[in-house]
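Contents: one structure, followed by commentary.
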Amino acid sequence: MNLEIGSPLTVGLILFAVIITGALLITVERRLLGFWQERLGPNRVGWFGSLQVVADMIKIFTKEDWIPPFADRFSFVIAPGIIMSVVLLSFAVIPFAPNIGVIDSNIGVLFVLAMASLGAYSVMLGGLSSDNKYALLGSLRAAAQMVSYEVFMGISLLGVVALAGSFNLREIVEAQADGWYIIPQFIGFVIFLIAGVAESHRLPFDIPEAEQEICAGYHTEYSGMKFGMFFVAEYVGLVLISSLITVLFFGGWLGPTFLPPIIWFAIKAFGFIAFFILMRAAVPRPRYDQLMTYGWLFLLPLSLVNLLVTGVIILSTQ
Amino acid sequence: MEVATQSTYPTSNSGELLAKLRQKFGDRILAEQSTCDAIPTLWIDRQHLIALLRALREDIQPKFEMLFDITAIDERLRVHRDDQPPSEFTVVYHLMSFSGNCDIRIKVPLIDADLNLPSIIGLWPAANWYERETWDMFGINFEGHPNLYRIVLPPTWEGHALRKEHPARATEMEPFSLDDEQADVEQEALLFKPEEWGMKRKSEDSEFMFLNLGPNHPSVHGAFRIALQLDGEILVDAVPDIGYHHRGAEKMGERQSWHTFIPYTDRIDYLGGVMNNLPYVMAVEQMAGIQVPERVKTIRIMLAEMFRICSHLLFYGTFAQDVGQLSPIFYMFVERERIFNIIESICGARMHPGWFRIGGVAQDLPQGWEKKIQELLDFMPPRIDEYDAMVLNNGILKRRTQGVGCYNTQQAFDWGVTGAGLRATGLEWDFRKDRPYSGYENFEFDVPIAVNGDCYDRCAIRVEEMRQSLRIIKQCLDNMPSGDYKADHPLTTPPRKEKTMQDIETLISHFLSVSWGPVIPPNEVTMAIEGTKGINSYYLVSDGNTTSYRTRIRTPSFAHLQMIPEISRGFMVADLIAIIASIDFVMADVDR
């Protein structure tokens with residue numbers, strides 16, 4: 001079996017692997033949270049609860065797929081589709097290993113950012129079309145949060161782009177052969193991490209769907225597989241953010257040769273996934289206006305300074 | 001038999017107070033009634049009510065800062081009321097003075113044909129809900145009340161439930177049915193009209209959004225509804241709506257025997273367990289003249305404090321969860337589980353043991369109880385310290401809760417706030433300390449206070465109270481008196497059995513007391529304790545029967561919820577959730 005970039009086999013495998021990982025993460029997260037919270041978590045279905053995800057999937061597929069009569073049908077139906085497709089499309093440019101990937105694009109970084117921006121439409125449409133006040137509040141919060149966090153999410157990456165001299169994610173990985181960008185770009189990494197959590201709206205930045213405040217936020221009215229798509233997309237988004245951090249700051253597939261590159265990539269990405277889950281278990285949620293203030297008044301200037309300093313250092317060492 | 005001397009109310013200055021009132025109001029006072037709890041009880045005609053209450057609030061020393069309770073008694077079937085003026089419905093005002101550490105009860109006689117008296121919202125804003133409840137339950141009209149609607153019963157309810165002619169059991173009523181037409185009427189009655197709630201639909205420059213938070217919402221801790229008037233995410237107004245959890249506990253008190261009502265009290269503040277039994281059994285003991293043994297008092301304190309810790313743990317966990325912290329609640333449930341295991345080994349049940357009895361407790365402590373309590377004292381303190389690091393010292397949590405939902409001591413008095421919510425405003429006042437009951441005077445513990453009166457302070461105080469409760473439990477463990485677990489008194493229920501096989505008189509009284517229940521001599525009593533959520537009191541009226549003539553349960557949460565609009569205006573929805581969480585209420589305690 002010969003894998004190469006862009007072959008139908010590779011594309012199929014990546015798609016399969018990403019969706020399965022996203023689904024499996026539901027179980028993994030519940031087990032990890034259980035472990036961290038002095039309880040068991042789901043452990044009844046299959047070995048140590050490993051088949052829980054199958055049971056969940058059967059349930060979610062066989063549930064009544066209900067569209068509220070007061071909702072705007074068209075946008076209500078396409079909203080979960082949008083988030084699922086943009087998250088999956090983002091994986092097209094991720095370099096998993098030297099020979100595994102969908103396309104080798106020269107605008108990789110920009111493509112990922114563009115897709116992330118499109119994701120905001122899904123959340124906004126989902127909330128607005130539900131014609132539910134909780135959903136409306138949720139999508140308002142989501143729109144504000146995603147739009148503002150995208151700004152410095154982009155800027156925080158520019159340091160890496162400047163160091164590697166390329167928008168191509170593959171070239172960024174290869175440029176880290178001498179040293180991962182986590183060291184020169186530590187501030188960029190921290191900002192990207194925070195913005196990444198905000199983009200995938202997970203705790204502590206799950207403000208658009210803050211259960212204790214606005215029930216389920218923008219997907220309050222969703223049920224069945226349409227809810228399932230929002231749900232799985234959140235986990236796939238988590239995989240995406242973890243993969244991006246791996247690629248941009250932790251040398252992607254690079255690592256000692258006793259393990260194949262793809263395994264190195266998987267280990268690193270999983271480490272971040274676990275970190276995100278731990279963060280969910282540990283940190284409370286700031287208030288919506290506190291999050292915005294923090295973003296605009298602290299993270300944005302910080303990311304600009306980071307870019308400026310990186311630029312100065314690059315120019316002075318040339 | 002010696003008459004009980006365990007009165008919690010200092011009687012020293014009540015003579016002086018009465019003299020002042022006699023001088024000021026002279027013959028306008030209809031009568032002075034004596035009750036066995038030694039609270040001065042004055043009868044006054046309704047046209048002088050406001051003047052008297054205003055004088056008590058503003059002029060007379062000591063000042064009565066808090067309106068503790070308003071309720072009524074349907075007197076039409078009452079037999080033993082010789083020293084009281086004629087009345088068919090009596091409205092009872094219970095005021096509390098913190099500066100003078102005393103209480104006063106004002107009674108107003110009314111006749112069925114003319115059930116009107118002036119509203120006192122102008123004096124104490126807290127009167128609003130109490131008057132609504134009294135109207136709801138007795139049909140007494142308070143003139144000048146802005147929205148005298150039903151509060152705990154549904155808007156379509158017929159009759160007034162606590163009147164004697166209202167049936168107490170479903171079997172006394174027509175079978176329930178609901179046809180389509182009636183269903184529409186019920187639906188129509190539930191339609192939300194902002195004007196009825198005192199809210200405007202739009203201001204000059206914007207149209208408001210009305211958000212219905214509850215009755216089913218993840219953060220309202222039960223079936224509780226708040227109608228929010230929003231401008232963006234800013235709260236213009238928030239109007240609480242209660243009654244979804246009403247079970248008619250006070251009505252049940254009039255049909256259950258004195259003894260069989262005990263398990264119902266467990267379920268009033270369902271996180272307080274046996275602590276709810278305490279004011280009730282102490283009130284009945286006061287009327288019966290039972291002096292309980294020291295061992296009983298200490299056992300009761302020990303269990304009550306264990307339930308206080310359980311309740312505070314649940315508060316602590318849900319508070320963190322409502323601010324978005326996912327994990328603490330699970331750790332605290334582990335703790336709670338361990339305490340429940342100990343409670344179970346002592347009482348045989350976990351959340352609602354109903355274990356206190358009139359004149360004692362149900363059983364003696366089991367063998368080896370010391371070991372279990374010692375385990376509790378060993379594992380709890382380090383865990384509480386750990387939670388400090390996780391929750392109280394968390395920066396995000398601090399930013400979410402400090403400066404949110406503040407009120408000062410005066411506001412707390414006006415709205416009837418007691419418990420941790422009152423101590424958070426800087427007033428060092430704990431019922432256990434200032435009016436010790438059940439032997440609390442023998443224990444060493446501190447009363448934690450805070451200064452800001454915000455959400456964070458209310459939480460921090462409860463955390464410190466858990467530590468103090470552990471101190472009290474430690475002292476119970478070290479100094480548990482020996483002796484009986486039941487008083488030697490004919491009205492102790494169930495009665496002592498030792499001599500029943502030797503003499504016929506004891507056998508007869510035992511038989512009657514077990515089959516009918518004890519007959520409590522006619523009297524009135526209010527007994528209050530520092531409950532888990534604030535001051536919880538039982539006002540019992542006995543007419544010399546096997547059941548209570550009137551059981552009034554004054555719960556702290558009822559008053560606390562009424563304050564929500566006052567402290568949440570201008571904040572955001574997320575802050576409202578933190579405020580609700582910091583109040584620490586359970587709906588069973590509010591609606592009864």
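Residue numbering restarts at 1 for every chain of the structure tokens, chains are lettered A, B, ... in their displayed order, and ligands are numbered from 1 as they appear.
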
Enumerate as a list in words the residues belonging to chain B that approach chain A to within 8 Å, with only C-alpha atoms taken into account.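 My answer is Leu211, His217, Pro218, Ser219, Glu233, Ala320, Gln321, Asp322, Val323, Gly324, Gln325, Leu326, Ser327, Pro328, Phe330, Tyr331, Val334, Ile396, Leu397, Arg399, Arg400, Val573, Ala574, Asp575 and Ile577 of chain B.
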
All residues 10 Å or closer to B:Val590, only C-alpha atoms, same chain fewer than 4 positions away omitted, as a list in words: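 Counting only the stated atoms, we get Val152, Phe224, Ile242, Gly243, Tyr244, His245, His246, Ile268, Asp269, Arg554, Thr555, Pro556, Ser557, Phe558, Ala559, His560, Leu561, Phe585 and Val586 of chain B.
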
Just-selected residues, C-alpha atoms written as a tab-separated table (two decimals), in the first residue's frame:
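Result written to part_7.tsv:
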chain	number	residue	atom	x	y	z
B	152	VAL	CA	-47.92	29.78	45.46
B	224	PHE	CA	-38.37	28.22	39.71
B	242	ILE	CA	-42.67	30.79	42.60
B	243	GLY	CA	-45.16	28.13	43.54
B	244	TYR	CA	-44.18	25.31	41.20
B	245	HIS	CA	-43.00	23.21	44.13
B	246	HIS	CA	-45.89	23.90	46.52
B	268	ILE	CA	-39.10	21.46	53.62
B	269	ASP	CA	-35.46	22.31	53.08
B	554	ARG	CA	-41.23	30.45	57.94
B	555	THR	CA	-38.42	29.56	55.58
B	556	PRO	CA	-35.41	31.71	54.79
B	557	SER	CA	-35.37	31.02	51.04
B	558	PHE	CA	-38.82	32.56	50.54
B	559	ALA	CA	-37.55	35.93	51.69
B	560	HIS	CA	-34.25	35.58	49.83
B	561	LEU	CA	-35.84	34.98	46.44
B	585	PHE	CA	-32.06	28.14	48.05
B	586	VAL	CA	-34.06	25.04	47.35

Spatial neighbours of A:Gly138, max dist 6 Å, only C-alpha atoms, sep filter under 3 positions, as a list in words: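 Contacts, in chain order: Ala135, Arg141, Pro208, Glu209, Gly217 and Tyr218 of chain A.
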
Could those residues be written to a file, using N, CA and C atoms, as a short mmCIF file (atom, residue, chain, number, x, y, z; two decimals), in the first residue's frame?
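selection_38.cif, written as the output of this step:
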data_model
loop_
_atom_site.label_atom_id
_atom_site.label_comp_id
_atom_site.auth_asym_id
_atom_site.auth_seq_id
_atom_site.Cartn_x
_atom_site.Cartn_y
_atom_site.Cartn_z
N ALA A 135 -31.40 30.61 21.91
CA ALA A 135 -30.56 30.40 20.75
C ALA A 135 -30.07 31.73 20.20
N ARG A 141 -23.73 35.91 21.08
CA ARG A 141 -22.47 35.75 21.78
C ARG A 141 -21.43 35.09 20.87
N PRO A 208 -21.00 30.84 23.99
CA PRO A 208 -22.20 30.75 23.15
C PRO A 208 -23.13 29.61 23.55
N GLU A 209 -22.64 28.62 24.27
CA GLU A 209 -23.54 27.52 24.64
C GLU A 209 -23.47 27.27 26.15
N GLY A 217 -27.57 27.32 24.29
CA GLY A 217 -27.22 28.39 23.38
C GLY A 217 -27.76 28.14 21.99
N TYR A 218 -26.90 28.34 20.99
CA TYR A 218 -27.39 28.35 19.61
C TYR A 218 -27.98 27.02 19.18
#

Can you tell me, as a VMD selection string, which residues in stretch 89-209 of chain A count as helix (DSSP H, G or I) by DSSP? chain A and resid 89 to 93 108 to 130 133 to 164 169 to 178 186 to 199 207 to 209

Show which residues sit within 7 Å of A:Phe230, as a PyMOL selection string. Count only C-alpha atoms, and ignore same-chain residues fewer than 4 positions away. chain A and resi 80+226+234

At a cut-off of 12 Å, using only C-alpha atoms, what residues contact B:Gln229? Leave out same-chain residues fewer than 3 positions from it and give the result as a PyMOL selection string. chain B and resi 193-195+197-203+206-213+226+232-240+565+568-573

Nearest to B:Ala362, chosen from B:Arg467, B:Arg423, B:Arg383, B:Lys486, with only C-alpha atoms counted in the distances: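 Residue with the minimum atom-to-atom distance to B:Ala362: B:Lys486.
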
Point-to-point distance from atom CA of A:Phe276 to atom CA of B:His221, Å rounded to tenths: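 Atom CA of B:His221 lies at a distance of 28.6 Å from atom CA of A:Phe276.
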
Find the residues near B:Ile384: any atom within 10 Å, counting only C-alpha atoms, skip ones fewer than 5 places away on the same chain, and give them as a short mmCIF file (atom, residue, chain, number, x, y, z; two decimals) with C-alpha atoms, in the first residue's frame.
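Once everything was written out, this is selection.cif:
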data_model
loop_
_atom_site.label_atom_id
_atom_site.label_comp_id
_atom_site.auth_asym_id
_atom_site.auth_seq_id
_atom_site.Cartn_x
_atom_site.Cartn_y
_atom_site.Cartn_z
CA LEU B 313 -21.06 21.28 50.15
CA MET B 332 -18.06 17.63 46.75
CA GLU B 335 -17.57 14.17 50.36
CA PHE B 379 -10.82 13.58 55.97
CA ALA B 389 -7.34 26.54 46.07
CA MET B 390 -9.64 25.22 43.36
CA VAL B 463 -17.05 27.64 53.40
CA GLU B 464 -15.88 28.96 56.74
CA MET B 466 -18.24 24.23 57.27
CA ARG B 467 -15.00 24.48 59.22
#

For B:Phe443: contacts at 9 Å, only C-alpha atoms, fewer than 6 positions along chain excluded, given as a ChimeraX atom specification: /B:471-472,475-476

Output C-alpha atoms for every residue in the selection just made, as a PDB file, in the first residue's frame.
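Everything below was put into part.pdb:
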ATOM      1  CA  ARG B 471     -15.333  22.197  65.219  1.00  0.00           C
ATOM      2  CA  ILE B 472     -18.759  21.746  66.764  1.00  0.00           C
ATOM      3  CA  GLN B 475     -16.743  18.955  70.536  1.00  0.00           C
ATOM      4  CA  CYS B 476     -19.801  16.712  70.324  1.00  0.00           C
TER       5      CYS B 476
END

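For the residues A:Ile183, A:Val197, A:Ala114, A:Val236, ranking by smallest atom-to-atom distance to A:Gln145 using only C-alpha atoms places A:Val197 first.
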
Could you check which of A:Ala143, A:Val112, A:Leu254, A:Leu15 is closest to A:Gly179, using only C-alpha atoms? A:Leu254

Please indicate the distance in Å from atom CA of A:Ile14 to atom CA of A:Ile277, rounded to one decimal place.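 Between these atoms lies a distance of 23.0 Å.
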
What's the separation between atom CA of B:Ile553 and atom CA of B:Asn141, in Å to one decimal place?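 If I compute the distance from atom CA of B:Ile553 to atom CA of B:Asn141, I get 21.2 Å.
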